Amino acid sequence: MRTALFITCFNDTMHPATGRAVVTLLERLGCTVDFPSGQTCCGQMHFNTGYQRDCVPLVRRFGEVFADYDAVVAPSGSCAAMIRHHHGRVAEAAGDRELQQAVRDAPPVYELSEFLVDVLGVTDVGAYFPHRVTYHPTCHSSRMLGVGDRPLALLRAVRGIDLVELPDAAQCCGFGGTFALKNSDTSVAMGADKVRGVLESRAEVLCAGDNSCLMHVGGLLSRLRTGVRTMHLAEILASSEHSAAQSAGEGSRPYAAATGTVATGTAATAARSPR
């Protein structure tokens with residue numbers, strides 16, 4: 001199976017360690033992962049703010065870049081949902097029959113937990129992460145993709161983990177992309193509710209499948225100096241006893257070191273997995 005990583009704009013710019021963790025994880029499971037350097041934005045931001053015509057070249061580009069792959073994996077429920085549910089709508093609204101056919105012919109796009117559980121058929125990925133963790137189910141992954149308990153099944157199989165329930169887990173964190181900019185007061189209030197749940201759980205780490213939501217809640221946690229860290233699901237699943245031992249030896253940056261993904265910048269992702 002020819003598998004490609006769709007890193008997404010947000011991860012490529014702000015959280016390249018997540019992309020590296022995805023590749024580390026999938027290669028551990030026997031996958032060969034390509035990172036097509038020609039990939040661009042999926043168009044979610046444009047679509048959500050009403051600029052659907054501006055999505056057309058992005059939808060076309062996605063189809064061109066990933067056409068030759070059997071599967072595309074994205075460490076983002078929101079971007080995976082945009083591609084699966086809205087690329088077809090963009091092509092239809094544009095009246096472009098060629099683009100509509102390209103969307104139909106495009107390879108399946110999976111959110112990471114879907115690919116691991118449904119395609120590879122695994123829940124125990126050989127991870128080791130001895131920390132108290134709580135999981136936030138992001139809106140797009142839950143409501144649009146229906147990933148259900150797949151992420152929790154993966155986390156429960158992690159050795160050493162103390163996985164605790166997040167109060168009011170299904171409640172939105174308030175990020176919502178441009179919603180956070182246009183309705184900042186409401187967004188912060190919703191985020192504060194999520195922070196209260198995280199603190200009630202007494203978790204060391206807040207985990208989710210979308211770094212955008214983690215950035216939002218993590219910012220509030222940081223401002224309150226709670227000491228709670230945020231980590232993408234991929235980074236926890238990519239951790240191992242070896243990397244945890246390295247972390248303990250270094251004594252600093254324990255969460256980054258535990259995943260073996262301390263490099264930063266766009267080149268960090270590209271350097272890990274181009275073919």
# chains A, B, ... in the order shown; residues from 1 in each chain; ligands from 1

call {"tool": "select_by_dssp", "arguments": {"residues": "range 20-249 of chain A", "states": "strand (DSSP E or B)", "output": "number ranges by chain"}}
result
A: 33-34, 71-74, 109-111, 128, 132-135, 159, 162-164, 205-208, 229-232

call {"tool": "closest_residue", "arguments": {"among": "A:Glu241, A:His136, A:Ser184, A:Leu220", "to": "Val205 in chain A", "atoms": "only C-alpha atoms"}}
result
A:His136

call {"tool": "residues_around", "arguments": {"residues": "Pro151 in chain A", "least_positions_apart": "5", "cutoff": "9 Å", "atoms": "only C-alpha atoms", "output": "ChimeraX atom specification"}}
result
/A:112-114,117,123,135,137,156,208-209,233

call {"tool": "closest_residue", "arguments": {"among": "A:Thr230, A:Gln101, A:Ser141, A:Ser222", "to": "Met82 in chain A", "atoms": "only C-alpha atoms"}}
result
A:Ser141

call {"tool": "closest_residue", "arguments": {"among": "A:Arg28, A:Gly50, A:Val73, A:Arg60", "to": "Leu5 in chain A", "atoms": "only C-alpha atoms"}}
result
A:Val73

call {"tool": "residues_around", "arguments": {"residues": "Ile161 in chain A", "least_positions_apart": "5", "cutoff": "7 Å", "atoms": "only C-alpha atoms", "output": "list in words"}}
result
Phe129, Pro130, His131 and Arg132 of chain A

call {"tool": "write_last_selection", "arguments": {"atoms": "C-alpha atoms", "output": "tab-separated table (two decimals), in the first residue's frame"}}
result
chain	number	residue	atom	x	y	z
A	129	PHE	CA	4.18	6.60	27.95
A	130	PRO	CA	4.20	6.56	31.78
A	131	HIS	CA	2.13	9.68	32.43
A	132	ARG	CA	-1.38	10.61	33.55

call {"tool": "select_by_dssp", "arguments": {"residues": "range 54-121 of chain A", "states": "alpha helix (DSSP H)", "output": "number ranges by chain"}}
result
A: 56-66, 77-81, 87-94, 97-105, 112-114

call {"tool": "residues_around", "arguments": {"residues": "Asp168 in chain A", "least_positions_apart": "5", "cutoff": "12 Å", "atoms": "only C-alpha atoms", "output": "VMD selection string"}}
result
chain A and resid 134 to 137 173 190 193 to 198 200 to 201

call {"tool": "write_last_selection", "arguments": {"atoms": "N, CA and C atoms", "output": "tab-separated table (two decimals), in the first residue's frame"}}
result
chain	number	residue	atom	x	y	z
A	134	THR	N	-5.31	12.67	29.78
A	134	THR	CA	-6.74	12.74	29.50
A	134	THR	C	-6.92	13.12	28.03
A	135	TYR	N	-8.01	12.67	27.44
A	135	TYR	CA	-8.21	12.84	25.99
A	135	TYR	C	-9.41	13.73	25.69
A	136	HIS	N	-9.18	14.70	24.80
A	136	HIS	CA	-10.26	15.58	24.33
A	136	HIS	C	-10.67	15.17	22.92
A	137	PRO	N	-11.93	14.71	22.72
A	137	PRO	CA	-12.40	14.35	21.37
A	137	PRO	C	-12.80	15.61	20.62
A	173	CYS	N	-14.22	22.81	22.58
A	173	CYS	CA	-13.22	23.60	23.31
A	173	CYS	C	-13.32	25.09	22.99
A	190	MET	N	-15.59	29.24	26.35
A	190	MET	CA	-15.71	27.81	26.11
A	190	MET	C	-14.41	27.10	26.45
A	193	ASP	N	-14.08	26.56	30.15
A	193	ASP	CA	-14.84	25.40	30.63
A	193	ASP	C	-14.03	24.12	30.40
A	194	LYS	N	-13.38	24.04	29.26
A	194	LYS	CA	-12.58	22.85	28.96
A	194	LYS	C	-11.39	22.76	29.92
A	195	VAL	N	-10.78	23.88	30.24
A	195	VAL	CA	-9.66	23.90	31.18
A	195	VAL	C	-10.10	23.38	32.54
A	196	ARG	N	-11.28	23.79	32.98
A	196	ARG	CA	-11.78	23.30	34.27
A	196	ARG	C	-11.88	21.78	34.28
A	197	GLY	N	-12.36	21.22	33.16
A	197	GLY	CA	-12.45	19.77	33.07
A	197	GLY	C	-11.08	19.11	33.12
A	198	VAL	N	-10.11	19.70	32.44
A	198	VAL	CA	-8.76	19.15	32.43
A	198	VAL	C	-8.18	19.17	33.84
A	200	GLU	N	-9.83	19.19	36.64
A	200	GLU	CA	-10.56	18.23	37.47
A	200	GLU	C	-10.01	16.81	37.26
A	201	SER	N	-9.56	16.52	36.06
A	201	SER	CA	-9.03	15.19	35.77
A	201	SER	C	-7.68	14.94	36.42

call {"tool": "atom_distance", "arguments": {"atom1": "CA of Leu214 in chain A", "atom2": "CA of Val228 in chain A"}}
result
11.4 Å

call {"tool": "atom_distance", "arguments": {"atom1": "CA of Val65 in chain A", "atom2": "CA of Gly77 in chain A"}}
result
19.9 Å

call {"tool": "residues_around", "arguments": {"residues": "Gly38 in chain A", "least_positions_apart": "4", "cutoff": "10 Å", "atoms": "only C-alpha atoms", "output": "ChimeraX atom specification"}}
result
/A:61-62,64-66

call {"tool": "residues_around", "arguments": {"residues": "range 45-47 of chain A", "least_positions_apart": "2", "cutoff": "10 Å", "atoms": "only C-alpha atoms", "output": "PyMOL selection string"}}
result
chain A and resi 41-43+49-56+58+79+82+86-87+90+177-178

call {"tool": "closest_residue", "arguments": {"among": "A:Gly63, A:Gly146, A:Arg20, A:Arg225", "to": "Glu111 in chain A", "atoms": "only C-alpha atoms"}}
result
A:Gly146

call {"tool": "closest_residue", "arguments": {"among": "A:Val188, A:Leu25, A:Met215, A:Val147", "to": "Ala234 in chain A", "atoms": "only C-alpha atoms"}}
result
A:Leu25
